[in-house]
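Enquirer: Just one file: data.csv, with CSV, C-alpha atoms.
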```csv
chain,number,residue,atom,x,y,z
P,442,MET,CA,-19.7,-205.7,-123.8
P,443,ASN,CA,-22.6,-207.1,-121.8
P,444,ASP,CA,-23.1,-203.8,-120.1
P,445,ARG,CA,-23.2,-202.0,-123.5
P,446,TYR,CA,-25.7,-204.6,-124.7
P,447,ASN,CA,-27.9,-204.2,-121.6
P,448,GLN,CA,-27.8,-200.4,-122.0
P,449,GLU,CA,-28.9,-200.5,-125.6
P,450,GLN,CA,-31.6,-203.1,-124.7
P,451,THR,CA,-32.9,-200.8,-121.9
P,452,LYS,CA,-32.8,-197.8,-124.2
P,453,GLU,CA,-34.8,-199.6,-126.9
P,454,THR,CA,-37.3,-200.9,-124.3
P,455,SER,CA,-37.7,-197.3,-122.9
P,456,ASN,CA,-38.3,-196.0,-126.5
P,457,GLU,CA,-40.9,-198.6,-127.1
P,458,TYR,CA,-42.6,-197.8,-123.8
P,459,GLY,CA,-42.5,-194.1,-124.7
P,460,ARG,CA,-44.0,-194.7,-128.1
P,461,SER,CA,-46.7,-196.9,-126.6
P,462,GLU,CA,-47.6,-194.3,-123.9
P,463,PHE,CA,-47.7,-191.6,-126.6
P,464,LEU,CA,-50.0,-193.7,-128.8
P,465,TYR,CA,-52.2,-194.5,-125.8
P,466,ARG,CA,-52.6,-190.9,-125.0
P,467,TYR,CA,-53.6,-190.1,-128.6
P,468,ILE,CA,-56.2,-192.9,-128.5
P,469,ILE,CA,-57.7,-191.5,-125.3
P,470,ILE,CA,-57.8,-187.9,-126.8
P,471,ALA,CA,-59.3,-189.2,-130.1
P,472,ALA,CA,-61.9,-191.3,-128.2
P,473,PHE,CA,-62.9,-188.3,-126.0
P,474,PHE,CA,-63.2,-186.1,-129.1
P,475,ILE,CA,-65.4,-188.7,-130.9
P,476,ILE,CA,-67.7,-188.9,-127.8
P,477,VAL,CA,-68.0,-185.1,-127.6
P,478,CYS,CA,-68.9,-185.0,-131.4
P,479,VAL,CA,-71.5,-187.7,-131.0
P,480,ILE,CA,-73.1,-185.9,-128.0
P,481,TYR,CA,-73.1,-182.6,-129.9
P,482,MET,CA,-74.6,-184.2,-133.0
P,483,ALA,CA,-77.3,-185.9,-131.0
P,484,SER,CA,-78.2,-182.6,-129.2
P,485,ALA,CA,-78.3,-180.8,-132.5
P,486,PHE,CA,-80.5,-183.5,-134.0
P,487,ARG,CA,-82.9,-183.3,-131.1
P,488,ILE,CA,-83.2,-179.5,-131.3
P,489,GLN,CA,-83.8,-179.7,-135.0
P,490,SER,CA,-86.4,-182.4,-134.6
P,491,ILE,CA,-88.2,-180.3,-131.9
P,492,TYR,CA,-88.0,-176.8,-133.3
P,493,GLY,CA,-87.0,-177.2,-137.0
P,494,ASN,CA,-89.0,-180.1,-138.3
P,495,LYS,CA,-92.7,-179.1,-138.0
P,496,GLU,CA,-93.8,-182.3,-139.8
P,497,GLU,CA,-93.2,-184.4,-136.6
P,498,ILE,CA,-96.5,-185.1,-135.0
P,499,ASP,CA,-95.7,-186.7,-131.6
P,500,THR,CA,-92.6,-187.4,-129.5
P,501,ASP,CA,-92.3,-188.4,-125.9
P,502,ASP,CA,-92.0,-184.9,-124.7
P,503,TYR,CA,-93.4,-182.7,-127.4
P,504,THR,CA,-96.6,-182.6,-129.6
P,505,THR,CA,-97.0,-180.7,-132.8
P,506,ARG,CA,-100.5,-179.7,-133.9
P,507,THR,CA,-102.0,-177.4,-136.4
P,508,VAL,CA,-104.9,-174.9,-136.0
P,509,PRO,CA,-106.7,-172.9,-138.6
P,510,VAL,CA,-106.2,-169.2,-138.9
P,511,TYR,CA,-109.5,-167.9,-140.2
P,512,ALA,CA,-109.4,-165.4,-143.0
P,513,MET,CA,-111.3,-162.1,-142.9
P,514,ARG,CA,-114.4,-162.0,-145.0
P,515,GLY,CA,-114.6,-159.2,-147.6
P,516,GLU,CA,-116.7,-156.1,-146.9
P,517,ILE,CA,-119.6,-154.6,-148.9
P,518,TYR,CA,-119.8,-151.0,-150.1
P,519,ASP,CA,-122.3,-149.0,-152.1
P,520,ARG,CA,-121.5,-147.3,-155.4
P,521,ASN,CA,-120.1,-144.2,-153.6
P,522,GLY,CA,-117.8,-146.1,-151.3
P,523,ASN,CA,-120.1,-146.0,-148.2
P,524,LYS,CA,-119.5,-149.1,-146.1
P,525,LEU,CA,-122.6,-151.2,-145.8
P,526,VAL,CA,-121.3,-154.4,-144.2
P,527,SER,CA,-118.0,-154.8,-142.3
P,528,ASN,CA,-116.5,-157.2,-139.7
P,529,VAL,CA,-116.5,-157.0,-135.9
P,530,TYR,CA,-114.3,-159.3,-133.9
P,531,SER,CA,-115.7,-161.8,-131.4
P,532,TYR,CA,-114.3,-164.8,-129.5
P,533,THR,CA,-115.3,-168.4,-129.8
P,534,LEU,CA,-114.5,-171.2,-127.3
P,535,LEU,CA,-113.5,-174.4,-129.0
P,536,TYR,CA,-112.5,-177.9,-127.7
P,537,ASP,CA,-109.5,-179.0,-129.8
P,538,TYR,CA,-109.2,-182.8,-130.3
P,539,SER,CA,-105.5,-182.6,-131.0
P,540,ALA,CA,-104.6,-180.8,-127.7
P,541,MET,CA,-107.1,-182.4,-125.3
P,542,ALA,CA,-106.1,-184.7,-122.4
P,543,LYS,CA,-105.4,-188.3,-123.3
P,544,THR,CA,-107.8,-190.2,-121.0
P,545,TYR,CA,-111.6,-190.1,-121.0
P,546,GLU,CA,-111.5,-189.3,-117.2
P,547,GLU,CA,-109.3,-186.3,-117.7
P,548,GLN,CA,-111.4,-185.1,-120.6
P,549,ASN,CA,-114.6,-185.4,-118.6
P,550,ASP,CA,-113.1,-183.3,-115.8
P,551,ASP,CA,-112.0,-180.7,-118.4
P,552,ILE,CA,-115.5,-180.6,-120.1
P,553,LEU,CA,-117.2,-180.2,-116.7
P,554,ALA,CA,-114.9,-177.3,-115.8
P,555,LEU,CA,-115.7,-175.5,-119.1
P,556,VAL,CA,-119.5,-176.2,-118.6
P,557,SER,CA,-119.3,-174.8,-115.1
P,558,THR,CA,-117.5,-171.7,-116.3
P,559,LEU,CA,-120.2,-171.1,-119.0
P,560,GLU,CA,-123.1,-171.7,-116.6
P,561,GLY,CA,-125.3,-168.7,-116.3
P,562,THR,CA,-124.1,-167.1,-119.5
P,563,ASP,CA,-125.8,-166.8,-122.9
P,564,PHE,CA,-122.7,-167.7,-124.8
P,565,ARG,CA,-123.0,-171.5,-124.9
P,566,CYS,CA,-124.1,-172.8,-128.3
P,567,GLU,CA,-127.6,-174.2,-128.7
P,568,SER,CA,-127.6,-177.9,-128.0
P,569,GLN,CA,-128.3,-180.4,-130.8
P,570,CYS,CA,-128.6,-183.3,-128.4
P,571,PRO,CA,-132.0,-185.0,-128.6
P,572,PHE,CA,-132.1,-185.9,-124.9
P,573,LYS,CA,-133.6,-184.1,-121.9
P,574,GLY,CA,-133.9,-184.9,-118.2
P,575,VAL,CA,-131.4,-185.9,-115.5
P,576,TYR,CA,-129.5,-189.2,-115.6
P,577,PRO,CA,-130.7,-191.9,-115.5
P,578,ASP,CA,-134.2,-190.5,-116.3
P,579,ILE,CA,-133.3,-189.5,-119.8
P,580,THR,CA,-136.0,-189.1,-122.5
P,581,PHE,CA,-136.1,-187.7,-126.0
P,582,ASP,CA,-136.6,-184.0,-126.7
P,583,VAL,CA,-139.4,-184.0,-129.2
P,584,GLU,CA,-138.7,-180.4,-130.3
P,585,VAL,CA,-135.1,-181.1,-131.1
P,586,LEU,CA,-136.0,-184.3,-133.0
P,587,LYS,CA,-138.1,-182.3,-135.4
P,588,SER,CA,-134.9,-181.6,-137.3
P,589,SER,CA,-134.2,-184.1,-140.1
P,590,THR,CA,-130.5,-183.6,-139.5
P,591,VAL,CA,-130.8,-184.5,-135.8
P,592,LYS,CA,-132.8,-187.6,-136.7
P,593,ALA,CA,-130.3,-188.7,-139.2
P,594,ARG,CA,-127.4,-188.3,-136.8
P,595,LEU,CA,-129.3,-190.2,-134.1
P,596,ALA,CA,-129.9,-193.1,-136.4
P,597,ARG,CA,-126.2,-193.2,-137.3
P,598,ILE,CA,-125.1,-193.2,-133.7
P,599,ILE,CA,-127.7,-195.9,-132.8
P,600,GLY,CA,-126.1,-198.0,-135.5
P,601,GLU,CA,-122.6,-197.3,-134.4
P,602,TYR,CA,-123.5,-198.4,-130.8
P,603,GLU,CA,-125.2,-201.5,-132.2
P,604,LEU,CA,-128.5,-200.7,-130.5
P,605,PRO,CA,-132.0,-201.5,-131.7
P,606,GLU,CA,-133.4,-198.9,-134.1
P,607,ASN,CA,-136.2,-198.1,-131.6
P,608,ALA,CA,-133.9,-197.9,-128.6
P,609,PRO,CA,-135.2,-195.6,-125.9
P,610,ALA,CA,-133.3,-192.5,-125.0
P,611,ALA,CA,-132.2,-193.9,-121.7
P,612,ASP,CA,-130.5,-196.9,-123.3
P,613,ILE,CA,-128.6,-194.6,-125.8
P,614,ALA,CA,-127.6,-192.3,-122.9
P,615,GLN,CA,-126.4,-195.3,-120.9
P,616,ALA,CA,-124.3,-196.5,-123.8
P,617,VAL,CA,-122.6,-193.1,-124.1
P,618,ALA,CA,-122.0,-192.9,-120.3
P,619,LYS,CA,-120.4,-196.3,-120.3
P,620,LYS,CA,-118.2,-195.7,-123.3
P,621,PHE,CA,-116.8,-192.4,-121.9
P,622,ARG,CA,-116.2,-193.8,-118.3
P,623,MET,CA,-119.0,-191.8,-116.6
P,624,VAL,CA,-120.2,-195.1,-115.1
P,625,LYS,CA,-118.0,-198.0,-114.1
P,626,ASP,CA,-119.4,-201.4,-113.1
P,627,GLY,CA,-122.7,-199.7,-112.2
P,628,VAL,CA,-121.0,-197.0,-110.0
P,629,LEU,CA,-121.6,-193.4,-110.9
P,630,MET,CA,-118.2,-191.6,-111.3
P,631,TYR,CA,-119.9,-188.2,-111.2
P,632,SER,CA,-123.2,-186.7,-109.9
P,633,PRO,CA,-126.3,-187.4,-112.0
P,634,ARG,CA,-126.5,-183.8,-113.2
P,635,GLU,CA,-122.8,-183.9,-114.2
P,636,ILE,CA,-123.3,-187.1,-116.1
P,637,SER,CA,-126.3,-185.5,-117.9
P,638,GLU,CA,-124.1,-182.6,-119.0
P,639,LEU,CA,-121.3,-185.0,-120.1
P,640,ILE,CA,-123.7,-187.1,-122.1
P,641,ARG,CA,-125.0,-184.1,-124.0
P,642,VAL,CA,-121.5,-182.8,-124.9
P,643,ARG,CA,-120.2,-186.3,-125.7
P,644,TYR,CA,-123.2,-187.1,-127.8
P,645,GLU,CA,-122.9,-183.8,-129.8
P,646,MET,CA,-119.2,-184.6,-130.4
P,647,GLU,CA,-120.1,-188.0,-131.7
P,648,ALA,CA,-122.9,-186.5,-133.8
P,649,MET,CA,-120.7,-183.9,-135.5
P,650,ARG,CA,-117.7,-186.4,-135.9
P,651,PHE,CA,-115.4,-184.6,-133.5
P,652,SER,CA,-111.9,-185.0,-134.7
P,653,ALA,CA,-108.5,-183.3,-135.3
P,654,ILE,CA,-110.0,-181.4,-138.2
P,655,GLU,CA,-113.4,-180.8,-136.6
P,656,PRO,CA,-113.2,-179.0,-133.2
P,657,TYR,CA,-116.2,-178.9,-130.9
P,658,VAL,CA,-117.7,-175.4,-130.5
P,659,PHE,CA,-118.6,-174.8,-126.9
P,660,ALA,CA,-119.6,-171.1,-127.0
P,661,GLU,CA,-119.7,-168.1,-129.3
P,662,GLY,CA,-119.4,-164.4,-128.7
P,663,ILE,CA,-117.9,-164.7,-125.2
P,664,ASP,CA,-116.9,-161.7,-123.2
P,665,ILE,CA,-113.6,-160.7,-121.7
P,666,SER,CA,-114.5,-161.9,-118.2
P,667,THR,CA,-115.3,-165.4,-119.6
P,668,ILE,CA,-112.2,-165.4,-121.6
P,669,THR,CA,-110.1,-164.7,-118.5
P,670,ALA,CA,-112.0,-167.4,-116.5
P,671,VAL,CA,-111.3,-170.0,-119.3
P,672,ARG,CA,-107.6,-169.1,-119.5
P,673,GLU,CA,-107.3,-169.5,-115.7
P,674,LEU,CA,-108.7,-173.0,-115.9
P,675,GLY,CA,-105.7,-174.2,-117.9
P,676,VAL,CA,-107.8,-176.8,-119.6
P,677,ARG,CA,-105.9,-178.7,-122.3
P,678,GLY,CA,-107.7,-178.5,-125.5
P,679,ALA,CA,-109.6,-175.3,-124.7
P,680,VAL,CA,-108.9,-172.9,-127.5
P,681,LEU,CA,-110.1,-169.3,-127.8
P,682,LYS,CA,-110.5,-168.5,-131.5
P,683,THR,CA,-110.9,-164.9,-132.7
P,684,GLU,CA,-113.8,-164.7,-135.2
P,685,TYR,CA,-115.8,-162.0,-136.8
P,686,THR,CA,-119.4,-161.1,-137.0
P,687,ARG,CA,-121.0,-159.0,-139.7
P,688,GLN,CA,-121.9,-155.4,-138.8
P,689,TYR,CA,-124.6,-153.8,-140.9
P,690,HIS,CA,-124.1,-150.0,-140.9
P,691,TYR,CA,-127.6,-149.1,-141.9
P,692,PRO,CA,-129.8,-151.3,-139.8
P,693,GLY,CA,-133.3,-151.9,-141.2
P,694,TYR,CA,-132.2,-150.7,-144.7
P,695,ALA,CA,-131.2,-152.8,-147.7
P,696,SER,CA,-131.5,-156.0,-145.6
P,697,HIS,CA,-133.1,-157.9,-148.4
P,698,ILE,CA,-130.3,-156.9,-150.7
P,699,LEU,CA,-127.3,-157.5,-148.4
P,700,GLY,CA,-128.6,-160.8,-147.0
P,701,ARG,CA,-126.9,-162.5,-144.1
P,702,ILE,CA,-124.4,-165.2,-143.2
P,703,SER,CA,-124.7,-168.3,-141.0
P,704,ARG,CA,-122.9,-171.5,-140.2
P,705,ILE,CA,-123.2,-174.0,-143.0
P,706,LEU,CA,-126.6,-175.6,-143.0
P,707,ALA,CA,-126.8,-179.4,-142.7
P,708,GLU,CA,-128.4,-179.7,-146.1
P,709,ASP,CA,-125.5,-177.8,-147.7
P,710,ALA,CA,-122.6,-179.4,-145.7
P,711,GLU,CA,-121.6,-181.8,-148.5
P,712,TYR,CA,-121.5,-179.0,-151.1
P,713,TYR,CA,-119.3,-176.7,-149.1
P,714,SER,CA,-117.1,-179.6,-147.9
P,715,ALA,CA,-116.3,-180.4,-151.5
P,716,LEU,CA,-115.2,-176.7,-151.9
P,717,GLY,CA,-112.8,-177.1,-149.0
P,718,TYR,CA,-114.9,-175.3,-146.3
P,719,PRO,CA,-114.6,-176.5,-142.7
P,720,VAL,CA,-117.8,-177.6,-141.1
P,721,THR,CA,-117.7,-174.6,-138.7
P,722,ALA,CA,-117.3,-172.0,-141.5
P,723,LYS,CA,-119.8,-169.2,-141.9
P,724,VAL,CA,-121.2,-168.6,-145.4
P,725,GLY,CA,-123.7,-166.4,-147.1
P,726,ILE,CA,-127.2,-167.8,-147.1
P,727,SER,CA,-129.1,-165.0,-148.7
P,728,GLY,CA,-128.8,-161.7,-150.7
P,729,CYS,CA,-125.4,-160.4,-151.8
P,730,GLU,CA,-123.7,-162.5,-149.0
P,731,LEU,CA,-124.8,-165.6,-150.9
P,732,ALA,CA,-124.6,-164.2,-154.5
P,733,PHE,CA,-120.9,-163.1,-154.0
P,734,GLU,CA,-119.8,-165.8,-151.6
P,735,GLU,CA,-116.9,-166.9,-153.9
P,736,TYR,CA,-115.5,-163.4,-153.8
P,737,LEU,CA,-116.2,-162.4,-150.2
P,738,ARG,CA,-114.9,-165.7,-148.8
P,739,GLY,CA,-111.2,-165.6,-147.7
P,740,ILE,CA,-108.8,-168.6,-147.7
P,741,ASP,CA,-107.9,-169.8,-144.2
P,742,GLY,CA,-104.3,-170.1,-143.1
P,743,ILE,CA,-102.6,-172.7,-140.9
P,744,MET,CA,-100.6,-172.2,-137.7
P,745,THR,CA,-98.3,-175.0,-136.4
P,746,ILE,CA,-98.0,-175.1,-132.6
P,747,VAL,CA,-95.4,-177.2,-130.7
P,748,GLU,CA,-96.3,-177.9,-127.1
P,749,ASP,CA,-94.5,-179.7,-124.3
P,750,LYS,CA,-96.0,-182.6,-122.3
P,751,ASP,CA,-97.6,-180.2,-119.9
P,752,GLY,CA,-99.4,-178.3,-122.6
P,753,ASN,CA,-97.1,-175.3,-122.6
P,754,ILE,CA,-96.5,-173.7,-126.0
P,755,VAL,CA,-92.9,-174.1,-127.1
P,756,SER,CA,-93.1,-172.4,-130.5
P,757,THR,CA,-95.6,-171.3,-133.1
P,758,GLU,CA,-95.2,-170.9,-136.9
P,759,MET,CA,-97.5,-169.6,-139.5
P,760,THR,CA,-97.1,-172.3,-142.0
P,761,LYS,CA,-99.8,-170.9,-144.3
P,762,GLU,CA,-100.8,-167.3,-144.3
P,763,PRO,CA,-104.6,-166.5,-144.4
P,764,ARG,CA,-105.8,-164.6,-147.4
P,765,ALA,CA,-108.6,-162.1,-146.9
P,766,GLY,CA,-111.7,-162.1,-149.1
P,767,SER,CA,-112.3,-159.4,-151.7
P,768,ASP,CA,-114.5,-156.4,-151.1
P,769,VAL,CA,-117.6,-156.0,-153.2
P,770,TYR,CA,-119.0,-152.7,-154.5
P,771,LEU,CA,-122.7,-152.6,-155.4
P,772,THR,CA,-124.5,-150.3,-157.8
P,773,ILE,CA,-126.8,-149.3,-155.0
P,774,ASP,CA,-126.8,-145.7,-153.6
P,775,ILE,CA,-127.5,-146.2,-149.9
P,776,ASN,CA,-128.9,-142.7,-149.5
P,777,LEU,CA,-131.3,-143.2,-152.4
P,778,GLN,CA,-132.1,-146.7,-151.0
P,779,MET,CA,-133.1,-145.3,-147.6
P,780,ALA,CA,-135.3,-142.6,-149.3
P,781,ALA,CA,-137.0,-145.2,-151.5
P,782,GLU,CA,-137.7,-147.6,-148.6
P,783,ASP,CA,-139.1,-144.7,-146.5
P,784,ALA,CA,-141.2,-143.5,-149.3
P,785,LEU,CA,-142.6,-147.0,-149.9
P,786,ALA,CA,-143.5,-147.5,-146.3
P,787,ASP,CA,-145.2,-144.1,-146.2
P,788,ASN,CA,-147.2,-144.9,-149.3
P,789,ILE,CA,-148.4,-148.2,-147.8
P,790,LYS,CA,-149.4,-146.4,-144.7
P,791,TYR,CA,-151.3,-143.8,-146.8
P,792,VAL,CA,-153.2,-146.5,-148.7
P,793,VAL,CA,-154.3,-148.2,-145.5
P,794,GLU,CA,-155.5,-144.9,-144.0
P,795,ARG,CA,-157.2,-143.8,-147.2
P,796,SER,CA,-159.1,-147.1,-147.3
P,797,ALA,CA,-161.3,-145.9,-144.5
P,798,THR,CA,-162.9,-143.4,-146.8
P,799,ILE,CA,-163.5,-145.8,-149.7
P,800,GLU,CA,-166.1,-148.5,-150.0
P,801,GLY,CA,-165.6,-151.8,-151.7
P,802,GLU,CA,-163.5,-155.0,-151.6
P,803,LEU,CA,-160.4,-153.4,-153.2
P,804,ASP,CA,-160.2,-150.4,-150.9
P,805,GLY,CA,-156.6,-151.1,-149.8
P,806,GLU,CA,-157.4,-151.9,-146.2
P,807,ASP,CA,-155.3,-155.1,-146.3
P,808,CYS,CA,-152.3,-153.4,-148.0
P,809,ASP,CA,-149.1,-154.4,-146.2
P,810,ALA,CA,-146.4,-154.6,-148.9
P,811,GLY,CA,-145.2,-153.0,-152.1
P,812,ALA,CA,-142.2,-152.8,-154.4
P,813,ILE,CA,-140.0,-150.1,-155.8
P,814,VAL,CA,-137.0,-150.1,-158.1
P,815,VAL,CA,-134.9,-147.1,-159.0
P,816,GLN,CA,-132.7,-147.5,-162.1
P,817,SER,CA,-130.1,-145.2,-163.7
P,818,ALA,CA,-131.4,-143.5,-166.8
P,819,THR,CA,-128.0,-143.5,-168.4
P,820,GLY,CA,-126.3,-146.8,-167.5
P,821,GLY,CA,-129.2,-148.9,-166.4
P,822,GLU,CA,-127.7,-149.8,-163.0
P,823,ILE,CA,-130.0,-150.5,-160.1
P,824,LEU,CA,-129.7,-147.6,-157.7
P,825,ALA,CA,-132.3,-148.7,-155.2
P,826,MET,CA,-134.9,-151.5,-154.7
P,827,GLY,CA,-137.4,-152.3,-152.1
```
As structure tokens - that is how I would like this structure written.

Expert:
Amino acid sequence: MNDRYNQEQTKETSNEYGRSEFLYRYIIIAAFFIIVCVIYMASAFRIQSIYGNKEEIDTDDYTTRTVPVYAMRGEIYDRNGNKLVSNVYSYTLLYDYSAMAKTYEEQNDDILALVSTLEGTDFRCESQCPFKGVYPDITFDVEVLKSSTVKARLARIIGEYELPENAPAADIAQAVAKKFRMVKDGVLMYSPREISELIRVRYEMEAMRFSAIEPYVFAEGIDISTITAVRELGVRGAVLKTEYTRQYHYPGYASHILGRISRILAEDAEYYSALGYPVTAKVGISGCELAFEEYLRGIDGIMTIVEDKDGNIVSTEMTKEPRAGSDVYLTIDINLQMAAEDALADNIKYVVERSATIEGELDGEDCDAGAIVVQSATGGEILAMG
């Protein structure tokens, strides 16, 4: 009987051990499955945060930034569909605040690399820095300071640096050099000429409130060889933007009618800013370019760019499509306009030549201008004017 009891006890113990081992195996399998699911979900979330969610601005390894995609300006035609003004593509070199290197020292090296690449070219934008000379012998540039805008910006920067109102140029330049690590404890970190270049660029950035929404324009209308050289530099923050310039198909004719465009003038900056224009936008400043600005102007788009920590582009997405401006058709007949202007010029020349045979004060000797208007006899439209 004891043997039977021992056998049953052994069998029960064996069954319990088997159930425990079976349960233990299931626990291990379940735990492994949970770990795999957690890893998979974490990976999926990471991929989504990098590639799917464009609203994230910065992570440890990736940076998301936005750049404007400039809309094409509308073109201008005469009454018969002859193209008077169209667009020609050109390239502008910008320094992008959002993508530039993190430290002042790295930024300085990048700025000097870009300046060196542009040296000897005619593409670099005209400087609005009121300084001249080589560091530390910096003085004011009287010609540049004739601009009321330059004076106002200088006064603002002097205040921001907490310098006296009548601070000499050398003191202002020294403050800029110290802030941006060009000089440390009295030791020059670059050559005097390099510091002079850096001061000019850094000052202009301060003056135009360089920021994520206001890139610094280094050069305009650059050629293919310069584009290639800039790309080979691999400078973080150096952005090549495709722009357009206006092409006038009948040079010398209807210029006073068509007008021209330019970057926003300082005195108009507040007005255009309220309308949503970026500071670097080009607008009509005379003639039809100004009169029909609201129609010719396009609406800029936005491109979102994701970069890794080395500045390599991971992905791009057009988050807002640009909208081109509207074309404008004038009542002017360009062939009649040219004939009218030529006739007016010939008549002025005739009056001056004829004055030699006439005596008196009003003989036409000083005739150098005139006016002519051609109007439709049926509809009253202006067909030509000069």

Enquirer: Per residue of segment 502-621 of chain P within 8 Å of segment 773-784 of chain P, what are the shortest atom pair and its distance in Å to one decimal, counting all atoms listed in the file, with rows by chain and residue number, as a tab-separated table?

Expert:
```
residue	atom	partner	partner_atom	distance
P:Asp519	CA	P:Ile773	CA	5.4
P:Arg520	CA	P:Ile773	CA	5.7
P:Asn521	CA	P:Asp774	CA	6.9
P:Asn523	CA	P:Ile775	CA	7.6
```

Enquirer: Enumerate, as a list in words, the protein, DNA and RNA residues whose atoms approach (-117.5, -176.8, -130.5) to within 9 Å, taking into account only C-alpha atoms and the coordinate frame of the file.

Expert: Thr533, Leu534, Leu535, Tyr536, Asp537, Cys566, Glu645, Met646, Phe651, Glu655, Pro656, Tyr657, Val658, Phe659, Ala660 and Thr721 of chain P

Enquirer: Please report the interatomic distance between atom CA of Gly678 of chain P and atom CA of Val628 of chain P in Å with one decimal.

Expert: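 Between atom CA of Gly678 of chain P and atom CA of Val628 of chain P the gap is 27.6 Å.
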
Enquirer: Distance atom CA of Leu737 of chain P-atom CA of Glu822 of chain P, one decimal place?

Expert: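 Taking atom CA of Leu737 of chain P as the start and atom CA of Glu822 of chain P as the end point, the length is 21.3 Å.
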
Enquirer: Within 12 Å of segment 577-590 of chain P, counting all atoms listed in the file, which residues qualify if same-chain residues fewer than 3 places away don't, as number ranges by chain?

Expert: P: 567-574, 593-597, 607-618, 623-624, 627, 629, 632-638, 640-641, 648-649, 706-710

Enquirer: Using only C-alpha atoms, pick whichever of P:Glu806, P:Glu734, P:Glu673, P:Glu546 has the shortest atom-to-atom distance to Lys790 of chain P.

Expert: P:Glu806

Enquirer: Take atom CA of Leu785 of chain P and atom CA of Ala810 of chain P and report the distance between them in Å, one decimal.

Expert: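 One can read the atom CA of Leu785 of chain P to atom CA of Ala810 of chain P distance as 8.6 Å.
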
Enquirer: Do you know which residues are at most 10 Å from Glu735 of chain P counting all atoms listed in the file, after dropping those on the same chain fewer than 6 positions away, and could you put them as number ranges by chain?

Expert: P: 724-725, 766-767

Enquirer: Around (-103.9, -172.5, -143.2), as given in the file, which residues come within 7 Å? Count only C-alpha atoms and list them as a PyMOL selection string.

Expert: chain P and resi 509-510+741-744+760-763

Enquirer: Let me make sure I understand: among P:Val526, P:Val769, P:Ile663, P:Leu699, which one has the smallest atom-to-atom distance to Tyr736 of chain P if we use all atoms listed in the file?

Expert: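 Of P:Val526, P:Val769, P:Ile663, P:Leu699, the one nearest Tyr736 of chain P is P:Val769, counting all atoms listed in the file.
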
Enquirer: Extract, using only C-alpha atoms, all DNA, RNA and protein residues at most 7 Å from Ile746 of chain P, discarding same-chain residues fewer than 6 positions from it, and format them as a PyMOL selection string.

Expert: chain P and resi 505-507+754+756-758

Enquirer: Restricting the calculation to only C-alpha atoms, which member of P:Glu748, P:Glu647, P:Tyr576, P:Ser714 is positioned closest to Glu601 of chain P?

Expert: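 With only C-alpha atoms as the atom set, the closest residue is P:Glu647.
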